[in-house]
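Engineer: Input start_5.cif, format and content: mmCIF, C-alpha atoms and all ligand atoms.
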```cif
data_work
#
loop_
_atom_site.label_atom_id
_atom_site.label_comp_id
_atom_site.auth_asym_id
_atom_site.auth_seq_id
_atom_site.Cartn_x
_atom_site.Cartn_y
_atom_site.Cartn_z
CA ALA A 1 41.85 -8.53 -21.40
CA PHE A 2 44.44 -6.97 -23.63
CA ASN A 3 47.29 -8.20 -25.69
CA LEU A 4 50.32 -6.68 -27.30
CA ARG A 5 50.40 -8.89 -30.39
CA ASN A 6 51.54 -7.10 -33.52
CA ARG A 7 52.35 -3.93 -31.60
CA SER A 8 55.62 -2.12 -32.30
CA PHE A 9 57.89 -1.06 -29.45
CA LEU A 10 59.19 2.38 -30.41
CA THR A 11 58.97 4.34 -27.15
CA LEU A 12 57.60 3.59 -23.68
CA ALA A 13 55.26 6.58 -24.05
CA ASP A 14 53.15 4.35 -26.34
CA PHE A 15 52.32 1.95 -23.49
CA ASN A 16 50.15 2.23 -20.39
CA THR A 17 51.07 1.05 -16.90
CA ARG A 18 49.43 -2.36 -17.26
CA GLU A 19 51.08 -3.04 -20.61
CA MET A 20 54.53 -2.08 -19.36
CA GLU A 21 54.12 -4.09 -16.18
CA TYR A 22 52.97 -7.04 -18.30
CA MET A 23 56.25 -6.96 -20.26
CA LEU A 24 58.28 -6.70 -17.04
CA ASP A 25 56.39 -9.61 -15.46
CA LEU A 26 56.77 -11.67 -18.62
CA ALA A 27 60.53 -11.04 -18.53
CA GLU A 28 60.64 -12.33 -14.94
CA ASP A 29 58.68 -15.44 -15.98
CA LEU A 30 60.88 -16.11 -19.00
CA LYS A 31 64.00 -15.67 -16.88
CA LYS A 32 62.70 -18.21 -14.35
CA ALA A 33 61.75 -20.61 -17.14
CA LYS A 34 65.19 -20.37 -18.70
CA TYR A 35 66.95 -20.92 -15.37
CA ALA A 36 64.73 -23.91 -14.61
CA GLY A 37 65.12 -25.36 -18.09
CA TYR A 38 61.44 -25.40 -19.12
CA GLU A 39 61.39 -22.50 -21.55
CA GLY A 40 58.90 -22.88 -24.41
CA LYS A 41 59.43 -21.96 -28.04
CA ASN A 42 57.12 -18.98 -28.38
CA LEU A 43 58.80 -17.69 -31.54
CA GLU A 44 59.17 -20.98 -33.42
CA GLY A 45 59.53 -20.42 -37.15
CA LYS A 46 59.74 -16.62 -36.94
CA ASN A 47 62.31 -14.68 -38.95
CA ILE A 48 63.71 -11.55 -37.35
CA ALA A 49 65.86 -8.79 -38.92
CA LEU A 50 68.33 -6.91 -36.72
CA ILE A 51 69.36 -3.57 -38.21
CA PHE A 52 72.29 -1.86 -36.50
CA GLU A 53 73.51 1.47 -37.86
CA LYS A 54 75.57 1.95 -34.67
CA SER A 55 77.76 -0.47 -32.68
CA SER A 56 76.28 -2.74 -30.03
CA THR A 57 77.30 -5.52 -27.67
CA ARG A 58 74.39 -6.00 -25.25
CA THR A 59 71.43 -5.14 -27.47
CA ARG A 60 72.53 -7.24 -30.42
CA CYS A 61 73.43 -10.23 -28.25
CA SER A 62 70.15 -9.92 -26.34
CA PHE A 63 68.10 -10.04 -29.54
CA GLU A 64 70.16 -12.93 -30.93
CA VAL A 65 70.16 -15.08 -27.79
CA GLY A 66 66.56 -14.19 -26.91
CA ALA A 67 65.35 -15.10 -30.39
CA LYS A 68 67.34 -18.35 -30.46
CA ASP A 69 66.04 -19.42 -27.03
CA GLU A 70 62.49 -18.98 -28.31
CA GLY A 71 63.04 -20.78 -31.61
CA ALA A 72 63.35 -17.82 -34.00
CA HIS A 73 65.96 -17.16 -36.67
CA VAL A 74 67.78 -13.81 -36.94
CA THR A 75 69.51 -11.96 -39.78
CA TYR A 76 72.00 -9.28 -38.73
CA LEU A 77 72.37 -6.18 -40.91
CA GLY A 78 75.33 -4.19 -39.60
CA PRO A 79 76.41 -0.55 -39.96
CA SER A 80 77.91 -1.34 -43.35
CA GLY A 81 76.81 -3.75 -46.04
CA SER A 82 73.09 -3.13 -46.38
CA HIS A 83 71.61 -0.36 -48.52
CA ILE A 84 69.36 1.09 -45.82
CA GLY A 85 69.66 4.85 -45.63
CA HIS A 86 72.56 4.88 -48.11
CA LYS A 87 71.29 3.79 -51.50
CA GLU A 88 67.75 2.89 -50.48
CA SER A 89 65.31 4.89 -48.38
CA VAL A 90 64.13 3.63 -45.00
CA LYS A 91 60.59 3.55 -46.41
CA ASP A 92 61.56 1.24 -49.28
CA THR A 93 63.71 -0.95 -47.04
CA ALA A 94 60.76 -1.23 -44.65
CA ARG A 95 58.53 -2.58 -47.42
CA VAL A 96 61.21 -5.04 -48.57
CA LEU A 97 61.98 -6.41 -45.12
CA GLY A 98 58.29 -6.51 -44.20
CA GLY A 99 57.79 -9.03 -46.99
CA MET A 100 60.42 -11.40 -45.60
CA PHE A 101 60.54 -10.95 -41.85
CA ASP A 102 58.05 -11.31 -39.01
CA GLY A 103 59.73 -8.67 -36.82
CA ILE A 104 62.43 -6.01 -37.16
CA GLU A 105 64.82 -4.50 -34.62
CA TYR A 106 66.33 -1.12 -35.50
CA ARG A 107 69.21 0.77 -33.87
CA GLY A 108 70.14 4.01 -35.57
CA PHE A 109 70.10 7.75 -35.47
CA SER A 110 66.70 9.39 -35.73
CA GLN A 111 63.56 8.26 -33.98
CA ARG A 112 61.80 9.15 -37.23
CA ASN A 113 63.49 6.19 -38.97
CA VAL A 114 62.18 3.65 -36.52
CA GLU A 115 58.70 5.18 -36.93
CA ILE A 116 58.93 4.91 -40.73
CA LEU A 117 60.02 1.27 -40.45
CA ALA A 118 57.05 0.49 -38.23
CA LYS A 119 54.62 2.33 -40.49
CA TYR A 120 55.67 0.75 -43.78
CA SER A 121 56.95 -2.74 -42.90
CA GLY A 122 53.61 -3.98 -41.54
CA VAL A 123 55.38 -6.08 -38.89
CA PRO A 124 56.33 -5.31 -35.26
CA VAL A 125 59.39 -3.04 -35.06
CA TRP A 126 61.49 -2.77 -31.90
CA ASN A 127 63.60 0.27 -31.10
CA GLY A 128 67.12 -0.87 -30.19
CA LEU A 129 68.29 2.75 -29.51
CA THR A 130 68.01 6.04 -31.34
CA ASP A 131 69.55 9.45 -30.66
CA GLU A 132 66.43 10.27 -28.64
CA ASP A 133 65.28 7.08 -26.95
CA HIS A 134 66.35 3.63 -25.70
CA PRO A 135 63.18 1.93 -24.45
CA THR A 136 64.38 -1.71 -24.20
CA GLN A 137 67.17 -0.57 -21.86
CA VAL A 138 64.67 0.77 -19.35
CA LEU A 139 62.80 -2.51 -18.96
CA ALA A 140 66.09 -4.12 -17.86
CA ASP A 141 66.90 -1.21 -15.55
CA PHE A 142 63.52 -1.34 -13.82
CA LEU A 143 63.47 -5.15 -13.59
CA THR A 144 66.95 -5.13 -12.02
CA ALA A 145 65.98 -2.63 -9.32
CA HIS A 146 62.72 -4.51 -8.66
CA GLU A 147 64.54 -7.86 -8.29
CA VAL A 148 67.21 -6.54 -5.95
CA LEU A 149 65.15 -4.11 -3.86
CA LYS A 150 62.03 -6.31 -3.85
CA LYS A 151 59.80 -3.24 -4.07
CA PRO A 152 56.80 -2.62 -6.33
CA TYR A 153 57.81 -0.62 -9.39
CA LYS A 154 55.88 2.50 -8.43
CA ASP A 155 57.81 2.78 -5.16
CA ILE A 156 61.30 2.75 -6.73
CA LYS A 157 62.97 6.16 -7.03
CA PHE A 158 65.55 6.71 -9.77
CA ALA A 159 67.99 9.61 -10.15
CA PHE A 160 69.88 9.96 -13.41
CA VAL A 161 73.06 11.98 -12.89
CA GLY A 162 74.74 13.41 -16.00
CA ASP A 163 73.65 14.55 -19.47
CA GLY A 164 69.96 15.38 -19.08
CA GLN A 165 69.37 15.10 -22.83
CA ASP A 166 70.82 11.60 -23.04
CA ASN A 167 68.70 8.98 -24.87
CA VAL A 168 68.77 6.64 -21.86
CA SER A 169 67.68 9.42 -19.51
CA ASN A 170 64.82 10.30 -21.86
CA ALA A 171 63.74 6.68 -21.94
CA LEU A 172 63.99 6.29 -18.16
CA MET A 173 61.93 9.45 -17.70
CA LEU A 174 59.14 8.20 -19.97
CA GLY A 175 59.26 4.73 -18.40
CA ALA A 176 59.12 6.19 -14.88
CA ALA A 177 56.16 8.33 -15.93
CA VAL A 178 54.31 5.27 -17.25
CA MET A 179 55.03 3.24 -14.09
CA GLY A 180 54.04 6.06 -11.71
CA MET A 181 57.53 6.36 -10.25
CA GLU A 182 59.60 9.28 -8.95
CA TYR A 183 62.38 10.23 -11.37
CA HIS A 184 65.04 12.90 -10.93
CA VAL A 185 67.25 14.27 -13.69
CA VAL A 186 70.34 15.73 -12.03
CA THR A 187 72.10 17.75 -14.68
CA PRO A 188 73.68 21.14 -15.37
CA LYS A 189 71.44 23.95 -16.59
CA GLU A 190 72.86 23.65 -20.13
CA LEU A 191 71.87 19.99 -20.46
CA GLU A 192 68.37 19.93 -19.04
CA PRO A 193 65.89 17.71 -20.93
CA THR A 194 64.14 19.32 -23.90
CA LYS A 195 60.73 20.85 -23.31
CA GLU A 196 59.21 18.33 -25.70
CA THR A 197 60.41 15.28 -23.74
CA LEU A 198 59.56 16.83 -20.39
CA ASP A 199 56.07 17.79 -21.52
CA LYS A 200 55.46 14.29 -22.80
CA ALA A 201 56.65 12.74 -19.51
CA ASN A 202 54.60 15.18 -17.43
CA GLU A 203 51.50 14.53 -19.47
CA ILE A 204 51.79 10.81 -18.69
CA ALA A 205 52.77 11.51 -15.08
CA ALA A 206 49.56 13.51 -14.58
CA LYS A 207 47.62 10.30 -15.25
CA THR A 208 49.80 7.83 -13.33
CA GLY A 209 50.86 9.88 -10.31
CA ALA A 210 54.54 9.81 -11.29
CA LYS A 211 56.78 12.66 -10.17
CA ILE A 212 59.41 14.05 -12.54
CA VAL A 213 62.01 16.44 -11.10
CA VAL A 214 64.78 18.29 -12.97
CA THR A 215 67.49 19.81 -10.80
CA ASN A 216 71.03 21.16 -11.06
CA ASP A 217 71.70 20.45 -7.37
CA ILE A 218 73.39 17.07 -6.90
CA LYS A 219 72.90 16.74 -3.12
CA GLU A 220 69.21 17.61 -3.29
CA GLY A 221 68.73 15.58 -6.45
CA VAL A 222 70.02 12.30 -5.08
CA LYS A 223 68.69 12.50 -1.52
CA GLY A 224 66.39 9.60 -0.66
CA MET A 225 66.84 7.88 -4.03
CA ASP A 226 66.90 4.09 -4.48
CA VAL A 227 68.94 3.99 -7.68
CA ILE A 228 71.66 6.29 -8.99
CA TYR A 229 72.04 5.98 -12.75
CA ALA A 230 74.87 7.16 -15.01
CA ASP A 231 75.58 7.07 -18.73
CA VAL A 232 78.44 8.26 -20.95
CA TRP A 233 78.93 12.01 -21.38
CA VAL A 234 79.07 11.80 -25.18
CA SER A 235 76.77 9.37 -26.98
CA MET A 236 77.20 7.44 -30.23
CA GLY A 237 76.52 9.67 -33.19
CA GLU A 238 77.61 12.84 -31.35
CA SER A 239 80.80 14.41 -32.60
CA ASP A 240 84.14 13.81 -30.89
CA ASP A 241 84.46 17.59 -30.57
CA MET A 242 81.86 17.40 -27.81
CA TRP A 243 84.19 15.78 -25.28
CA GLU A 244 85.87 18.92 -24.02
CA LYS A 245 82.64 20.83 -23.53
CA ARG A 246 80.84 17.90 -21.90
CA ILE A 247 83.75 17.11 -19.59
CA ASN A 248 83.74 20.70 -18.39
CA LEU A 249 79.99 20.69 -17.83
CA LEU A 250 79.72 17.21 -16.34
CA LYS A 251 82.87 16.77 -14.25
CA PRO A 252 80.98 18.05 -11.17
CA TYR A 253 78.26 15.44 -11.90
CA GLN A 254 80.58 12.42 -11.79
CA VAL A 255 79.05 9.65 -9.66
CA THR A 256 81.47 9.23 -6.74
CA MET A 257 81.11 7.55 -3.35
CA ASP A 258 80.19 10.99 -1.97
CA VAL A 259 77.24 11.13 -4.38
CA MET A 260 76.19 7.62 -3.29
CA LYS A 261 76.44 8.71 0.37
CA ALA A 262 74.44 11.87 -0.31
CA THR A 263 71.43 9.63 -1.03
CA GLU A 264 71.39 8.87 2.72
CA ASN A 265 70.27 5.40 1.67
CA PRO A 266 72.70 2.62 2.66
CA ASN A 267 70.99 0.22 0.23
CA VAL A 268 71.18 2.53 -2.77
CA LEU A 269 71.96 0.82 -6.08
CA PHE A 270 74.16 2.00 -8.91
CA GLU A 271 73.02 1.32 -12.48
CA HIS A 272 74.56 2.09 -15.87
CA CYS A 273 73.41 0.93 -19.30
CA LEU A 274 77.06 0.24 -20.26
CA PRO A 275 79.55 0.56 -21.86
CA ALA A 276 81.00 2.69 -19.02
CA PHE A 277 84.07 4.86 -18.64
CA HIS A 278 84.72 3.82 -15.01
CA ASN A 279 88.32 3.52 -16.10
CA LEU A 280 89.93 4.57 -19.33
CA ASP A 281 91.68 1.28 -20.14
CA THR A 282 90.14 0.99 -23.59
CA GLU A 283 91.15 2.26 -27.01
CA VAL A 284 88.76 5.24 -26.88
CA GLY A 285 89.38 5.73 -23.17
CA LYS A 286 93.13 6.01 -23.64
CA GLU A 287 92.69 8.75 -26.25
CA ILE A 288 90.50 10.72 -23.86
CA GLU A 289 92.93 10.19 -21.00
CA LYS A 290 95.77 11.48 -23.16
CA LYS A 291 93.82 14.53 -24.27
CA PHE A 292 92.11 15.55 -21.03
CA GLY A 293 94.17 13.92 -18.28
CA LEU A 294 91.20 12.08 -16.72
CA LYS A 295 91.34 8.55 -15.29
CA GLU A 296 87.59 7.92 -15.08
CA MET A 297 84.51 9.81 -16.22
CA GLU A 298 80.77 9.48 -15.49
CA VAL A 299 81.35 7.07 -12.57
CA THR A 300 84.40 6.32 -10.47
CA ASP A 301 85.87 2.84 -10.56
CA GLU A 302 85.22 2.63 -6.82
CA VAL A 303 81.44 3.01 -7.26
CA PHE A 304 81.33 0.81 -10.37
CA GLU A 305 83.07 -2.05 -8.55
CA SER A 306 81.28 -1.50 -5.22
CA GLU A 307 78.54 -3.64 -3.69
CA HIS A 308 76.02 -0.95 -4.71
CA SER A 309 76.64 -1.70 -8.36
CA VAL A 310 74.22 -4.02 -10.17
CA VAL A 311 75.43 -3.28 -13.68
CA PHE A 312 76.14 -6.87 -14.76
CA ARG A 313 72.80 -8.19 -13.51
CA GLU A 314 71.31 -5.27 -15.44
CA ALA A 315 73.24 -6.31 -18.57
CA GLU A 316 71.95 -9.89 -18.30
CA ASN A 317 68.44 -8.58 -17.82
CA ARG A 318 68.67 -6.88 -21.22
CA MET A 319 68.30 -10.34 -22.70
CA HIS A 320 65.33 -11.44 -20.58
CA THR A 321 63.46 -8.17 -21.15
CA ILE A 322 64.17 -7.98 -24.89
CA LYS A 323 63.01 -11.58 -25.17
CA ALA A 324 59.81 -10.57 -23.35
CA VAL A 325 59.20 -7.71 -25.81
CA MET A 326 59.60 -10.10 -28.77
CA VAL A 327 57.38 -12.78 -27.20
CA ALA A 328 54.70 -10.25 -26.18
CA THR A 329 54.46 -8.69 -29.64
CA LEU A 330 55.23 -11.67 -31.87
CA GLY A 331 54.66 -14.81 -29.79
CA GLU A 332 51.80 -17.18 -30.63
CA GLN A 333 50.64 -17.62 -27.04
CA ASN A 334 50.10 -13.98 -26.20
N1 LIG B 401 73.35 -0.72 -23.16
C1 LIG B 401 73.43 -0.97 -24.48
O1 LIG B 401 72.53 -0.69 -25.26
O2 LIG B 401 74.60 -1.57 -24.86
P1 LIG B 401 75.08 -1.88 -26.34
O3 LIG B 401 75.40 -0.56 -26.99
O4 LIG B 401 76.29 -2.75 -26.15
O5 LIG B 401 73.97 -2.59 -27.08
N1 LIG B 402 73.82 7.15 -24.50
C1 LIG B 402 74.58 6.03 -25.00
C2 LIG B 402 73.91 4.74 -24.65
C3 LIG B 402 74.62 3.51 -25.13
C4 LIG B 402 73.91 2.24 -24.78
C5 LIG B 402 74.74 6.18 -26.50
O1 LIG B 402 73.74 6.51 -27.17
O2 LIG B 402 75.85 6.02 -27.00
#
```
Represent the supplied structure as structure tokens.
Ligand code: CP
Ligand code: NVA

Structural biologist:
Amino acid sequence: AFNLRNRSFLTLADFNTREMEYMLDLAEDLKKAKYAGYEGKNLEGKNIALIFEKSSTRTRCSFEVGAKDEGAHVTYLGPSGSHIGHKESVKDTARVLGGMFDGIEYRGFSQRNVEILAKYSGVPVWNGLTDEDHPTQVLADFLTAHEVLKKPYKDIKFAFVGDGQDNVSNALMLGAAVMGMEYHVVTPKELEPTKETLDKANEIAAKTGAKIVVTNDIKEGVKGMDVIYADVWVSMGESDDMWEKRINLLKPYQVTMDVMKATENPNVLFEHCLPAFHNLDTEVGKEIEKKFGLKEMEVTDEVFESEHSVVFREAENRMHTIKAVMVATLGEQN
């Protein structure tokens, strides 16, 4: 037997296949329990800190609702207001929060910070996104495909189309490696994953039988895939100056209906971590539209709104999977 109690959740590379599948199965169980109205209170009396140095809708709400459902209390520390990283080091903050809280979520810039928090707080720390990784996202992405396609995880093939150095793509690649899946990164030469991330994924893949492919060829890259995945072309924390360069590099990698058709799979799904620029009817979108004359970016509105798209099921599953991570690492019954 094994258990995940008191473990931190910093990157999927830290978990083996059984452990990751356990969290995915637990998320499915907790989702059923919530729907049926017999959910237990596995986190009764726990205090949880949520540190966000970047904006969030889904991740924050998932931690808050997930914690509340399970009986825990949360304290939100937003991008401004706390001393972390400004007037007080991450190491000192870790030791302070570790004395008050039973678990800590961290969304910020460097992966190093989330590692320092885990090392010095003495309580489970959960990575809510860094520049390099976004592990909680991947549990929701895999669960969603598994629910809809009704296939075992190892048989689901994902292709990420876009910025091959994106934090979500990195996380998907590591997660796919752990689960023994086939994962394609379809990206221009200039944006291929770093050697470090690829080596790490391939090292895991050698043990699990996963297959990791990096290609610049869209048609070849998406052929036979079960899920086409997109993310924004410029991530939080990257400079606004990047837009022009990324648009030029990634315009050919926009997920269109032709890309979906090139999978030759009529049941192919479309996933996106969100928020998505499938139209530019937002404050930031309008600025980009004005500057570059685009109407949509990483995915067309047609694909986003099509029957292939499972993005809102995926968003809901953020909550069930994040809840599972908290219950697995902090719950009394695990
Ligand atoms: N997908 C995701 O992490 O969304 P938020 O930035 O809204 O948390
Ligand atoms: N790559 C995106 C993901 C947002 C959930 C970002 O880091 O901004």

Engineer: Got a sec: who's within 6 Å of range 58-70 of chain A, counting only C-alpha atoms, leaving out chain neighbours fewer than 6 positions off, as a ChimeraX atom specification?

Structural biologist: /A:41-43,319,323

Engineer: With all atoms listed in the file as the counted atoms, please give the residues lying no more than 6 Å from range 19-28 of chain A, apart from itself and same-chain residues fewer than 4 positions off, as a PyMOL selection string.

Structural biologist: chain A and resi 15+320-321+324

Engineer: Pick from A:Ile247, A:Ala315, A:Leu294, A:Ala33: nearest to Leu139 in chain A, with all atoms listed in the file counted?

Structural biologist: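 Ranked by minimum distance to Leu139 in chain A, first place goes to A:Ala315.
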
Engineer: Quick one: of A:Trp243, A:Asp141, A:His308, A:Asn317, who's nearest to His272 in chain A, counting only C-alpha atoms?

Structural biologist: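 Of all the options, A:Asp141 lies closest to His272 in chain A.
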
Engineer: Quick one: of A:Ile322, A:Met181, A:Ala276, A:Val96, who's nearest to Lys207 in chain A, counting only C-alpha atoms?

Structural biologist: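 Looking at the shortest contact to Lys207 in chain A, the residue is A:Met181.
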
Engineer: Env of Ser306 in chain A: 10 Å cut, atoms = only C-alpha atoms, seq-sep filter 6 positions within chain, self excluded. Answer as a list in words.

Structural biologist: Met257, Leu269, Phe270 and Thr300 of chain A

Engineer: Pick the closest to ligand LIG 402 (chain B) from A:Gly175, A:Pro135, A:Gly81, A:Pro188: which is it, counting only C-alpha atoms and all ligand atoms?

Structural biologist: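 Among A:Gly175, A:Pro135, A:Gly81, A:Pro188, it is A:Pro135 that comes nearest to ligand LIG 402 (chain B).
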
Engineer: Give me, as CSV, each residue of chain A that comes within 7 Å of ligand LIG 401 (chain B), together with its shortest interatomic pair and the distance in Å at one decimal, counting only C-alpha atoms and all ligand atoms, with rows ordered by chain and rising residue number.

Structural biologist:
```
residue,atom,partner,partner_atom,distance
A:Ser55,CA,B:LIG401,O3,6.2
A:Ser56,CA,B:LIG401,O5,3.7
A:Thr57,CA,B:LIG401,O4,3.3
A:Arg58,CA,B:LIG401,O4,3.9
A:Thr59,CA,B:LIG401,O5,3.6
A:Arg60,CA,B:LIG401,O5,5.9
A:Leu129,CA,B:LIG401,O1,6.9
A:Gln137,CA,B:LIG401,N1,6.3
A:Cys273,CA,B:LIG401,N1,4.2
A:Leu274,CA,B:LIG401,N1,4.8
A:Pro275,CA,B:LIG401,O2,6.2
```

Engineer: Figure out the distance between CA of Ala176 in chain A and CA of Phe109 in chain A, please, to one decimal in Å.

Structural biologist: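 Going from CA of Phe109 in chain A over to CA of Ala176 in chain A, I get 23.4 Å.
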
Engineer: Which is closer to ligand LIG 402 (chain B) than all the others in A:Asn216, A:Thr93, A:Thr130, A:Thr11, using all atoms listed in the file?

Structural biologist: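 Among A:Asn216, A:Thr93, A:Thr130, A:Thr11, it is A:Thr130 that comes nearest to ligand LIG 402 (chain B).
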
Engineer: As a quick test: using all atoms listed in the file, which residues lie no more than 6 Å away from ligand LIG 402 (chain B)? Give them as a PyMOL selection string.

Structural biologist: chain A and resi 166-168+232+235-236+273-274

Engineer: Calculated over only C-alpha atoms, which of the candidates A:Lys119, A:His83, A:Arg313, A:His278 has the smallest distance to Asp301 in chain A?

Structural biologist: A:His278

Engineer: Could you work out how far CA of Lys261 in chain A lies from CA of Glu182 in chain A, giving the answer in Å with one decimal?

Structural biologist: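 For CA of Glu182 in chain A relative to CA of Lys261 in chain A, the distance reads 19.3 Å.
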
Engineer: Step by step, gather every atom of range 305-321 of chain A that the file lists, find the box along x, y and z that holds them, add 4 Å on each side, and finally give centre and edge lengths in Å to one decimal, as lines of an AutoDock Vina configuration file.

Structural biologist:
```
center_x = 73.3
center_y = -6.2
center_z = -13.2
size_x = 27.6
size_y = 18.5
size_z = 27.0
```

Engineer: Using Å and a single decimal, report how far CA of Phe9 in chain A sits from CA of Val325 in chain A.

Structural biologist: 7.7 Å

Engineer: For range 212-219 of chain A, which lacks atoms in the input, supply all heavy atoms and format the output as an mmCIF file, in the coordinates of the input.

Structural biologist:
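File produced: selection-v2.cif:
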```cif
data_model
loop_
_atom_site.group_PDB
_atom_site.id
_atom_site.type_symbol
_atom_site.label_atom_id
_atom_site.label_comp_id
_atom_site.auth_asym_id
_atom_site.auth_seq_id
_atom_site.Cartn_x
_atom_site.Cartn_y
_atom_site.Cartn_z
ATOM 1 N N ILE A 212 58.197 13.810 -11.772
ATOM 2 C CA ILE A 212 59.410 14.050 -12.540
ATOM 3 C C ILE A 212 60.051 15.351 -12.040
ATOM 4 O O ILE A 212 59.384 16.388 -12.003
ATOM 5 C CB ILE A 212 59.103 14.208 -14.061
ATOM 6 C CG1 ILE A 212 58.197 13.078 -14.578
ATOM 7 C CG2 ILE A 212 60.385 14.330 -14.874
ATOM 8 C CD1 ILE A 212 58.795 11.713 -14.618
ATOM 9 N N VAL A 213 61.312 15.268 -11.657
ATOM 10 C CA VAL A 213 62.010 16.440 -11.100
ATOM 11 C C VAL A 213 63.283 16.682 -11.928
ATOM 12 O O VAL A 213 64.019 15.748 -12.207
ATOM 13 C CB VAL A 213 62.409 16.182 -9.627
ATOM 14 C CG1 VAL A 213 63.256 17.322 -9.074
ATOM 15 C CG2 VAL A 213 61.172 15.945 -8.767
ATOM 16 N N VAL A 214 63.510 17.933 -12.312
ATOM 17 C CA VAL A 214 64.780 18.290 -12.970
ATOM 18 C C VAL A 214 65.506 19.253 -12.044
ATOM 19 O O VAL A 214 64.926 20.254 -11.623
ATOM 20 C CB VAL A 214 64.539 18.964 -14.334
ATOM 21 C CG1 VAL A 214 65.870 19.349 -14.983
ATOM 22 C CG2 VAL A 214 63.749 18.043 -15.254
ATOM 23 N N THR A 215 66.752 18.937 -11.699
ATOM 24 C CA THR A 215 67.490 19.810 -10.800
ATOM 25 C C THR A 215 68.963 19.884 -11.171
ATOM 26 O O THR A 215 69.501 18.940 -11.743
ATOM 27 C CB THR A 215 67.340 19.345 -9.321
ATOM 28 O OG1 THR A 215 68.155 20.183 -8.486
ATOM 29 C CG2 THR A 215 67.793 17.909 -9.129
ATOM 30 N N ASN A 216 69.597 21.007 -10.844
ATOM 31 C CA ASN A 216 71.030 21.160 -11.060
ATOM 32 C C ASN A 216 71.812 20.843 -9.789
ATOM 33 O O ASN A 216 73.038 20.815 -9.797
ATOM 34 C CB ASN A 216 71.368 22.599 -11.502
ATOM 35 C CG ASN A 216 70.490 23.101 -12.635
ATOM 36 O OD1 ASN A 216 69.940 24.191 -12.561
ATOM 37 N ND2 ASN A 216 70.341 22.314 -13.669
ATOM 38 N N ASP A 217 71.080 20.639 -8.684
ATOM 39 C CA ASP A 217 71.700 20.450 -7.370
ATOM 40 C C ASP A 217 71.878 18.953 -7.077
ATOM 41 O O ASP A 217 70.896 18.238 -6.868
ATOM 42 C CB ASP A 217 70.781 21.102 -6.317
ATOM 43 C CG ASP A 217 71.394 21.090 -4.931
ATOM 44 O OD1 ASP A 217 72.050 20.083 -4.567
ATOM 45 O OD2 ASP A 217 71.213 22.086 -4.201
ATOM 46 N N ILE A 218 73.139 18.509 -7.039
ATOM 47 C CA ILE A 218 73.390 17.070 -6.900
ATOM 48 C C ILE A 218 72.892 16.541 -5.558
ATOM 49 O O ILE A 218 72.164 15.547 -5.501
ATOM 50 C CB ILE A 218 74.898 16.753 -7.063
ATOM 51 C CG1 ILE A 218 75.398 17.254 -8.422
ATOM 52 C CG2 ILE A 218 75.153 15.250 -6.942
ATOM 53 C CD1 ILE A 218 76.879 17.160 -8.627
ATOM 54 N N LYS A 219 73.269 17.223 -4.471
ATOM 55 C CA LYS A 219 72.900 16.740 -3.120
ATOM 56 C C LYS A 219 71.394 16.588 -2.970
ATOM 57 O O LYS A 219 70.895 15.557 -2.533
ATOM 58 C CB LYS A 219 73.423 17.740 -2.067
ATOM 59 C CG LYS A 219 74.855 17.449 -1.635
ATOM 60 C CD LYS A 219 75.008 17.717 -0.130
ATOM 61 C CE LYS A 219 76.190 16.966 0.455
ATOM 62 N NZ LYS A 219 77.479 17.600 0.180
#
```
